[in-house]
$ cat my_file32.cif   # mmCIF, C-alpha atoms and all ligand atoms
data_data
loop_
_atom_site.label_atom_id
_atom_site.label_comp_id
_atom_site.auth_asym_id
_atom_site.auth_seq_id
_atom_site.Cartn_x
_atom_site.Cartn_y
_atom_site.Cartn_z
CA MET K 21 89.79 42.38 7.28
CA LEU K 22 88.79 41.22 3.79
CA LEU K 23 87.30 43.95 1.63
CA ILE K 24 84.82 43.17 -1.16
CA HIS K 25 83.95 45.65 -3.90
CA CYS K 26 80.15 45.88 -4.26
CA PRO K 27 79.34 46.65 -7.91
CA TYR K 28 76.10 48.40 -6.90
CA CYS K 29 77.47 50.56 -4.09
CA ASP K 30 80.67 50.94 -6.17
CA GLU K 31 82.70 50.77 -3.00
CA ALA K 32 84.97 48.31 -1.18
CA ARG K 33 83.20 47.18 1.97
CA ALA K 34 84.01 44.85 4.84
CA GLU K 35 83.31 41.15 4.39
CA ILE K 36 81.06 41.14 7.49
CA GLU K 37 78.44 43.07 5.47
CA PHE K 38 78.20 40.28 2.88
CA ALA K 39 76.76 36.78 2.65
CA TYR K 40 78.09 34.03 0.39
CA ALA K 41 75.47 32.46 -1.88
CA GLY K 42 77.11 29.55 -3.71
CA GLU K 43 78.46 29.05 -7.21
CA ALA K 44 77.37 31.56 -9.88
CA HIS K 45 76.00 31.10 -13.40
CA ILE K 46 74.03 27.95 -12.66
CA ALA K 47 70.88 28.38 -14.71
CA ARG K 48 67.72 26.55 -13.72
CA PRO K 49 66.79 24.16 -16.55
CA PRO K 50 63.94 25.74 -18.53
CA ASP K 51 62.00 22.47 -18.61
CA PRO K 52 62.76 20.51 -15.40
CA ALA K 53 60.29 17.75 -16.28
CA ALA K 54 62.37 16.85 -19.33
CA LEU K 55 65.47 16.10 -17.24
CA SER K 56 66.54 12.65 -16.13
CA ASP K 57 67.02 12.10 -12.40
CA GLU K 58 70.75 12.07 -13.00
CA ASP K 59 70.71 15.43 -14.80
CA TRP K 60 68.48 16.93 -12.10
CA THR K 61 70.83 15.67 -9.38
CA HIS K 62 73.69 17.26 -11.25
CA TYR K 63 71.87 20.59 -11.46
CA LEU K 64 70.91 20.55 -7.78
CA PHE K 65 73.99 19.24 -6.04
CA ILE K 66 77.09 18.97 -8.20
CA ARG K 67 79.38 22.02 -8.12
CA SER K 68 82.71 22.64 -9.82
CA ASN K 69 84.65 23.33 -6.58
CA PRO K 70 87.84 24.39 -8.42
CA ARG K 71 91.25 25.01 -6.99
CA GLY K 72 91.76 28.46 -8.51
CA ARG K 73 89.33 30.86 -10.19
CA HIS K 74 85.82 30.37 -8.82
CA HIS K 75 82.69 32.16 -10.03
CA GLU K 76 80.42 32.74 -7.09
CA ARG K 77 77.41 34.69 -5.92
CA TRP K 78 77.54 37.09 -3.03
CA ARG K 79 74.92 39.28 -1.47
CA HIS K 80 75.55 42.69 0.08
CA ILE K 81 73.00 41.77 2.71
CA HIS K 82 73.92 44.44 5.30
CA GLY K 83 74.34 47.10 2.61
CA CYS K 84 72.38 47.63 -0.59
CA GLY K 85 70.82 44.16 -0.34
CA ARG K 86 71.80 43.13 -3.90
CA PHE K 87 73.07 39.80 -5.18
CA PHE K 88 76.10 40.06 -7.48
CA ASN K 89 78.77 37.79 -8.95
CA ALA K 90 82.43 37.56 -8.09
CA VAL K 91 85.51 35.76 -9.32
CA ARG K 92 87.55 34.63 -6.35
CA GLU K 93 90.86 32.78 -6.29
CA THR K 94 90.16 29.90 -3.89
CA VAL K 95 93.81 29.38 -3.01
CA SER K 96 94.72 32.95 -2.09
CA ASP K 97 91.15 34.09 -1.23
CA LYS K 98 91.80 37.14 -3.46
CA PHE K 99 88.80 38.66 -5.24
CA GLU K 100 89.74 39.16 -8.90
CA VAL K 101 86.60 41.03 -9.96
CA THR K 102 82.96 41.57 -8.97
CA TYR K 103 80.14 42.40 -11.36
CA LYS K 104 76.39 42.92 -11.35
CA ALA K 105 73.94 40.03 -11.55
CA GLY K 106 72.88 39.40 -15.15
CA GLU K 107 76.18 40.49 -16.67
CA PRO K 108 78.11 37.88 -18.69
CA ARG K 109 80.57 35.56 -16.99
CA ARG K 110 84.04 37.12 -16.63
CA MET P 22 42.06 54.55 20.07
CA SER P 23 45.69 54.03 19.16
CA GLU P 24 46.42 57.65 20.06
CA ALA P 25 45.50 56.80 23.65
CA LEU P 26 48.23 54.16 23.89
CA ALA P 27 51.36 55.31 25.65
CA ARG P 28 54.45 55.33 23.47
CA THR P 29 57.54 54.00 25.24
CA ASP P 30 61.18 54.17 24.19
CA PRO P 31 63.49 51.15 24.43
CA VAL P 32 66.39 53.24 25.78
CA SER P 33 66.68 56.37 27.88
CA GLY P 34 66.96 59.75 26.20
CA LEU P 35 70.56 60.46 27.14
CA ALA P 36 72.86 57.47 27.41
CA PHE P 37 76.18 59.19 27.88
CA ALA P 38 77.78 62.63 27.87
CA GLY P 39 81.43 63.46 28.33
CA GLN P 40 84.87 62.51 27.01
CA GLY P 41 84.22 64.38 23.74
CA VAL P 42 81.04 62.57 22.79
CA THR P 43 77.33 62.69 23.57
CA LEU P 44 75.05 59.71 22.94
CA SER P 45 71.35 60.46 22.88
CA LEU P 46 68.05 59.21 21.56
CA ALA P 47 66.35 61.21 18.80
CA GLY P 48 62.71 62.14 19.28
CA PRO P 49 59.89 60.33 17.49
CA MET P 50 59.81 60.72 13.72
CA ALA P 51 57.97 59.31 10.72
CA ARG P 52 59.85 56.77 8.62
CA PHE P 53 58.92 55.31 5.28
CA SER P 54 60.45 52.52 3.25
CA LEU P 55 60.21 53.48 -0.43
CA ARG P 56 60.69 50.81 -3.09
CA THR P 57 60.51 51.27 -6.84
CA ARG P 58 62.43 50.76 -10.06
CA GLN P 59 60.97 54.03 -11.31
CA PRO P 60 62.13 56.74 -8.90
CA GLU P 61 60.62 59.39 -11.18
CA ALA P 62 57.17 58.06 -10.31
CA LEU P 63 57.93 58.37 -6.59
CA GLU P 64 59.31 61.86 -7.00
CA GLN P 65 56.25 62.97 -8.90
CA LEU P 66 53.88 61.44 -6.34
CA LEU P 67 55.65 62.83 -3.26
CA GLY P 68 56.98 66.06 -4.72
CA ILE P 69 60.50 65.38 -3.49
CA GLU P 70 63.87 64.78 -5.10
CA LEU P 71 65.42 61.37 -4.43
CA PRO P 72 69.18 60.83 -4.39
CA ARG P 73 70.24 58.34 -7.08
CA LYS P 74 73.66 57.40 -5.79
CA ILE P 75 73.52 54.48 -3.34
CA GLY P 76 74.90 55.49 0.03
CA THR P 77 73.91 59.16 -0.15
CA SER P 78 71.03 61.15 1.29
CA HIS P 79 69.16 64.28 0.35
CA ASP P 80 66.35 66.11 2.16
CA GLY P 81 65.69 63.26 4.60
CA ALA P 82 65.73 60.54 1.93
CA ALA P 83 68.59 58.04 2.03
CA CYS P 84 69.31 55.85 -0.99
CA LEU P 85 69.97 52.41 0.51
CA GLY P 86 69.93 50.32 -2.68
CA PRO P 87 69.22 50.56 -6.42
CA ASP P 88 65.46 50.49 -5.78
CA GLU P 89 65.25 51.35 -2.10
CA TRP P 90 65.08 54.57 -0.08
CA LEU P 91 64.53 55.35 3.59
CA LEU P 92 62.57 58.58 4.06
CA ARG P 93 62.64 60.22 7.46
CA ALA P 94 60.24 63.06 8.16
CA PRO P 95 58.76 64.93 11.15
CA ALA P 96 56.51 62.80 13.38
CA GLY P 97 52.97 62.63 12.12
CA THR P 98 53.87 63.04 8.45
CA THR P 99 51.60 61.03 6.17
CA LEU P 100 52.22 60.18 2.52
CA ALA P 101 50.07 59.33 -0.46
CA MET P 102 50.20 55.58 -0.95
CA GLY P 103 50.47 55.67 -4.72
CA THR P 104 47.81 53.07 -5.35
CA GLY P 105 48.13 51.68 -8.87
CA LEU P 106 51.63 53.01 -9.43
CA PRO P 107 54.66 50.68 -9.80
CA LEU P 108 55.98 51.47 -6.33
CA ALA P 109 55.62 50.54 -2.67
CA ILE P 110 55.44 52.96 0.24
CA THR P 111 55.49 51.35 3.67
CA GLU P 112 55.29 53.25 6.92
CA VAL P 113 57.97 51.93 9.29
CA SER P 114 58.04 54.77 11.84
CA GLU P 115 58.18 52.55 14.91
CA ARG P 116 60.38 49.84 13.42
CA SER P 117 63.53 51.61 14.50
CA VAL P 118 64.80 54.29 16.82
CA CYS P 119 67.57 56.76 16.12
CA LEU P 120 70.62 57.07 18.35
CA ILE P 121 72.72 60.19 17.88
CA ALA P 122 76.47 60.29 18.45
CA GLU P 123 77.83 63.79 18.51
CA GLY P 124 81.18 65.35 19.32
CA ALA P 125 84.86 65.21 18.43
CA ARG P 126 85.05 61.52 19.37
CA ALA P 127 81.80 60.44 17.66
CA ALA P 128 83.56 58.75 14.72
CA GLU P 129 86.02 57.03 17.03
CA VAL P 130 83.20 55.62 19.19
CA LEU P 131 81.34 54.30 16.11
CA ALA P 132 84.52 52.80 14.71
CA ALA P 133 84.63 50.52 17.76
CA GLY P 134 82.06 48.32 16.06
CA CYS P 135 81.39 49.64 12.55
CA PRO P 136 83.68 48.44 9.73
CA LEU P 137 83.17 51.50 7.47
CA ASP P 138 86.08 53.85 6.79
CA LEU P 139 84.51 56.81 8.60
CA ASP P 140 87.31 59.18 7.57
CA ARG P 141 86.00 58.82 4.01
CA PHE P 142 82.34 58.79 5.00
CA ALA P 143 81.48 62.39 4.17
CA VAL P 144 78.67 64.53 5.56
CA GLY P 145 75.46 63.63 3.73
CA ARG P 146 76.32 59.99 3.31
CA ALA P 147 73.95 57.28 4.55
CA THR P 148 74.15 53.52 4.27
CA ARG P 149 73.01 50.27 5.74
CA THR P 150 75.89 48.60 7.57
CA VAL P 151 76.55 46.81 10.85
CA PHE P 152 77.75 47.63 14.35
CA GLU P 153 79.35 44.40 15.54
CA THR P 154 76.60 41.99 14.42
CA VAL P 155 73.67 44.40 14.65
CA GLU P 156 72.35 45.85 11.41
CA ILE P 157 72.09 49.64 11.39
CA VAL P 158 71.57 52.49 8.96
CA LEU P 159 74.33 55.01 9.56
CA LEU P 160 73.90 58.63 8.49
CA ARG P 161 76.53 61.32 8.78
CA THR P 162 74.57 64.50 9.39
CA GLY P 163 77.48 66.70 10.39
CA ASP P 164 81.23 66.77 10.59
CA MET P 165 81.00 65.56 14.17
CA ARG P 166 77.48 64.15 14.16
CA PHE P 167 76.23 60.67 13.21
CA GLU P 168 72.73 59.24 13.40
CA VAL P 169 72.27 55.51 13.86
CA GLU P 170 68.95 53.95 12.89
CA VAL P 171 68.54 50.65 14.68
CA TRP P 172 65.62 48.26 15.08
CA ARG P 173 63.90 48.78 18.43
CA SER P 174 64.72 45.43 20.01
CA PHE P 175 68.43 45.90 19.27
CA ALA P 176 68.52 49.44 20.67
CA PRO P 177 69.22 48.62 24.34
CA TRP P 178 72.23 46.49 23.40
CA LEU P 179 73.54 48.98 20.84
CA SER P 180 73.12 51.87 23.24
CA MET P 181 75.09 49.95 25.86
CA ALA P 182 77.79 49.01 23.34
CA LEU P 183 78.21 52.62 22.20
CA GLU P 184 78.33 53.77 25.80
CA SER P 185 81.02 51.19 26.58
CA ALA P 186 83.06 52.48 23.63
CA ALA P 187 82.57 56.06 24.76
CA ARG P 188 83.63 55.49 28.37
CA PRO P 189 87.35 55.72 29.08
CA LEU P 190 89.05 52.54 30.21
CA ARG P 191 89.56 52.36 33.94
ZN ZN D 201 76.17 47.10 -2.11
#

$ encode --input "my_file32.cif" --output "structure tokens" --more "lines below"
Ligand SMILES: [Zn+2]
Amino acid sequence: MLLIHCPYCDEARAEIEFAYAGEAHIARPPDPAALSDEDWTHYLFIRSNPRGRHHERWRHIHGCGRFFNAVRETVSDKFEVTYKAGEPRR
Amino acid sequence: MSEALARTDPVSGLAFAGQGVTLSLAGPMARFSLRTRQPEALEQLLGIELPRKIGTSHDGAACLGPDEWLLRAPAGTTLAMGTGLPLAITEVSERSVCLIAEGARAAEVLAAGCPLDLDRFAVGRATRTVFETVEIVLLRTGDMRFEVEVWRSFAPWLSMALESAARPLR
């Protein structure tokens, strides 16, 4: 069973309590109307999909309910660190 | 008018007794979902002390998240609604029922479907979690006593699942 440390509950909890929510630190463009179709497509659909360290959002949906960020190694599936939403990228 | 409506329970009062564990249904109670980023305002309004650490409970109030508490009180309890204050109080008394697992094997029976480390889940702790795929709020109210808050429509299945875990294999 994979354990994930929730930075709000400050506890390692079973993966079944969590939901994955895509790549982290993707900011919505402040002025969408100013973007070209190509840039907008990039914002909406294009993700880094690295082999290695991946910054991603998770939600402790069957726990405290909070979204938070995690760095996960996509090869080994090991979680390097988790931190609260709004904190700088690790 | 509503007082005249018969209240029915989704599961029977006593599901199982024996083999070191008793599974039963708690009586009716009042439940409130409390949401605020300013717990001091809630405490002042309700005259209670709210636990600040997520996953703990105090005086019937369980801290489920950074801005969320579940308050359980005797049936019929009413609360001030705090109109105008930066908080939300929602009565959810009939949203869930409470199943009680009690006895030396209570933790073992819950561990059949709950991923928490119950050995380290001390008395007084309370958290939202799952039993198999059903969301529950689990409270440890005694060394050998757990209370499971579950939404009404999931209660018959959960009661059956707990009973299956409690029964010895034949
Ligand atoms: Zn959490």

$ closest_atom_pairs --input "my_file32.cif" --of "chain P" --to "ligand ZN 201 (chain D)" --cutoff "10 Å" --atoms "all atoms listed in the file" --output "CSV"
residue,atom,partner,partner_atom,distance
P:Ile75,CA,D:ZN201,ZN,7.9
P:Gly76,CA,D:ZN201,ZN,8.8
P:Leu85,CA,D:ZN201,ZN,8.6
P:Gly86,CA,D:ZN201,ZN,7.0
P:Pro87,CA,D:ZN201,ZN,8.9
P:Thr148,CA,D:ZN201,ZN,9.3
P:Arg149,CA,D:ZN201,ZN,9.0
P:Thr150,CA,D:ZN201,ZN,9.8

$ interface_residues --input "my_file32.cif" --of "chain K" --to "chain P" --cutoff "6 Å" --atoms "only C-alpha atoms" --output "VMD selection string"
chain K and resid 29 82 to 84

$ closest_residue --input "my_file32.cif" --among "P:Ser185, P:Thr104, P:Thr98, P:Ser174" --to "Gln40 of chain P" --atoms "all atoms listed in the file"
P:Ser185

$ atom_distance --input "my_file32.cif" --atom1 "atom CA of Leu160 of chain P" --atom2 "atom CA of Ala101 of chain P"
25.5 Å

$ atom_distance --input "my_file32.cif" --atom1 "atom CA of Pro107 of chain P" --atom2 "atom CA of Trp90 of chain P"
14.8 Å

$ residues_near_point --input "my_file32.cif" --point "(77.3, 63.3, 21.5)" --cutoff "7 Å" --atoms "all atoms listed in the file" --output "PyMOL selection string"
chain P and resi 38+42-45+121-124+127

$ decode --input "my_file32.cif" --residues "segment 48-95 of chain K" --atoms "N, CA and C atoms" --output "CSV table (one decimal), in the first residue's frame"
chain,number,residue,atom,x,y,z
K,48,ARG,N,-3.1,29.9,-14.3
K,48,ARG,CA,-4.1,30.4,-15.4
K,48,ARG,C,-3.6,31.8,-15.9
K,49,PRO,N,-3.5,32.0,-17.2
K,49,PRO,CA,-3.0,33.3,-17.7
K,49,PRO,C,-3.9,34.4,-17.2
K,50,PRO,N,-3.3,35.5,-16.6
K,50,PRO,CA,-4.1,36.6,-16.1
K,50,PRO,C,-5.0,37.2,-17.1
K,51,ASP,N,-4.6,37.2,-18.4
K,51,ASP,CA,-5.5,37.9,-19.4
K,51,ASP,C,-5.6,36.9,-20.5
K,52,PRO,N,-6.6,35.9,-20.4
K,52,PRO,CA,-6.7,34.9,-21.4
K,52,PRO,C,-7.0,35.5,-22.8
K,53,ALA,N,-7.7,36.6,-22.9
K,53,ALA,CA,-8.0,37.2,-24.2
K,53,ALA,C,-6.8,37.6,-25.0
K,54,ALA,N,-5.7,37.8,-24.3
K,54,ALA,CA,-4.5,38.3,-24.9
K,54,ALA,C,-3.7,37.2,-25.6
K,55,LEU,N,-4.1,35.9,-25.2
K,55,LEU,CA,-3.3,34.8,-25.7
K,55,LEU,C,-3.7,34.4,-27.1
K,56,SER,N,-2.7,33.9,-27.9
K,56,SER,CA,-3.0,33.3,-29.2
K,56,SER,C,-3.6,32.0,-29.0
K,57,ASP,N,-4.2,31.4,-30.0
K,57,ASP,CA,-4.8,30.1,-29.9
K,57,ASP,C,-3.8,29.1,-29.5
K,58,GLU,N,-2.6,29.2,-30.1
K,58,GLU,CA,-1.5,28.3,-29.8
K,58,GLU,C,-1.1,28.3,-28.3
K,59,ASP,N,-1.0,29.6,-27.8
K,59,ASP,CA,-0.6,29.7,-26.4
K,59,ASP,C,-1.7,29.1,-25.5
K,60,TRP,N,-2.9,29.4,-25.8
K,60,TRP,CA,-4.1,28.9,-25.0
K,60,TRP,C,-4.1,27.3,-25.1
K,61,THR,N,-3.9,26.8,-26.2
K,61,THR,CA,-3.8,25.3,-26.4
K,61,THR,C,-2.7,24.8,-25.5
K,62,HIS,N,-1.6,25.5,-25.5
K,62,HIS,CA,-0.5,25.0,-24.6
K,62,HIS,C,-0.8,25.0,-23.2
K,63,TYR,N,-1.5,26.1,-22.8
K,63,TYR,CA,-1.9,26.2,-21.3
K,63,TYR,C,-2.9,25.1,-21.0
K,64,LEU,N,-3.8,24.9,-21.9
K,64,LEU,CA,-4.9,23.9,-21.6
K,64,LEU,C,-4.5,22.5,-21.6
K,65,PHE,N,-3.7,22.1,-22.6
K,65,PHE,CA,-3.5,20.7,-22.9
K,65,PHE,C,-2.1,20.1,-22.7
K,66,ILE,N,-1.1,21.0,-22.9
K,66,ILE,CA,0.3,20.5,-23.0
K,66,ILE,C,0.9,20.4,-21.6
K,67,ARG,N,1.4,19.2,-21.2
K,67,ARG,CA,1.9,19.0,-19.9
K,67,ARG,C,3.4,18.4,-20.1
K,68,SER,N,4.2,18.6,-19.0
K,68,SER,CA,5.6,18.3,-19.2
K,68,SER,C,5.8,16.8,-19.2
K,69,ASN,N,5.0,16.0,-18.5
K,69,ASN,CA,5.1,14.5,-18.6
K,69,ASN,C,6.6,14.0,-18.5
K,70,PRO,N,7.3,14.4,-17.4
K,70,PRO,CA,8.7,14.0,-17.4
K,70,PRO,C,8.9,12.5,-16.9
K,71,ARG,N,10.1,12.0,-17.3
K,71,ARG,CA,10.5,10.8,-16.7
K,71,ARG,C,11.5,11.2,-15.6
K,72,GLY,N,11.0,11.1,-14.4
K,72,GLY,CA,11.7,11.6,-13.2
K,72,GLY,C,10.9,12.4,-12.3
K,73,ARG,N,11.4,13.5,-11.8
K,73,ARG,CA,10.7,14.4,-10.8
K,73,ARG,C,9.5,15.0,-11.5
K,74,HIS,N,8.4,14.8,-10.9
K,74,HIS,CA,7.1,15.4,-11.4
K,74,HIS,C,6.4,16.2,-10.3
K,75,HIS,N,6.1,17.5,-10.6
K,75,HIS,CA,5.3,18.3,-9.6
K,75,HIS,C,3.9,18.0,-9.9
K,76,GLU,N,3.1,17.6,-8.9
K,76,GLU,CA,1.7,17.3,-9.2
K,76,GLU,C,0.8,17.7,-8.1
K,77,ARG,N,-0.5,17.8,-8.4
K,77,ARG,CA,-1.5,18.2,-7.4
K,77,ARG,C,-2.2,16.9,-6.9
K,78,TRP,N,-2.4,16.8,-5.7
K,78,TRP,CA,-3.2,15.7,-5.1
K,78,TRP,C,-4.3,16.4,-4.2
K,79,ARG,N,-5.3,15.6,-4.0
K,79,ARG,CA,-6.3,16.1,-3.0
K,79,ARG,C,-6.6,15.0,-2.0
K,80,HIS,N,-6.6,15.3,-0.7
K,80,HIS,CA,-6.9,14.4,0.3
K,80,HIS,C,-8.4,14.3,0.4
K,81,ILE,N,-9.0,13.7,-0.6
K,81,ILE,CA,-10.5,13.9,-0.7
K,81,ILE,C,-11.3,13.1,0.3
K,82,HIS,N,-10.8,11.9,0.7
K,82,HIS,CA,-11.5,11.2,1.8
K,82,HIS,C,-10.7,11.4,3.2
K,83,GLY,N,-10.3,12.7,3.4
K,83,GLY,CA,-9.6,13.0,4.6
K,83,GLY,C,-10.0,14.5,4.9
K,84,CYS,N,-9.0,15.3,4.9
K,84,CYS,CA,-9.2,16.7,5.2
K,84,CYS,C,-9.8,17.5,4.1
K,85,GLY,N,-9.8,16.9,2.9
K,85,GLY,CA,-10.5,17.6,1.7
K,85,GLY,C,-9.6,18.6,1.0
K,86,ARG,N,-8.3,18.8,1.4
K,86,ARG,CA,-7.5,19.8,0.9
K,86,ARG,C,-6.7,19.3,-0.4
K,87,PHE,N,-6.5,20.3,-1.3
K,87,PHE,CA,-5.6,20.1,-2.4
K,87,PHE,C,-4.2,20.5,-1.9
K,88,PHE,N,-3.1,19.7,-2.3
K,88,PHE,CA,-1.8,20.1,-2.0
K,88,PHE,C,-0.9,19.7,-3.1
K,89,ASN,N,0.4,20.0,-3.1
K,89,ASN,CA,1.3,19.7,-4.1
K,89,ASN,C,2.3,18.6,-3.7
K,90,ALA,N,2.8,17.8,-4.6
K,90,ALA,CA,3.7,16.8,-4.3
K,90,ALA,C,4.8,16.7,-5.4
K,91,VAL,N,6.0,16.2,-5.0
K,91,VAL,CA,7.0,15.9,-6.0
K,91,VAL,C,7.1,14.4,-6.0
K,92,ARG,N,6.8,13.8,-7.1
K,92,ARG,CA,6.8,12.3,-7.2
K,92,ARG,C,7.8,11.9,-8.3
K,93,GLU,N,8.6,10.9,-8.0
K,93,GLU,CA,9.5,10.3,-9.0
K,93,GLU,C,8.7,9.3,-9.9
K,94,THR,N,8.5,9.7,-11.2
K,94,THR,CA,7.6,8.9,-12.0
K,94,THR,C,8.1,7.5,-12.4
K,95,VAL,N,9.4,7.3,-12.2
K,95,VAL,CA,10.0,6.0,-12.5
K,95,VAL,C,9.7,5.0,-11.3
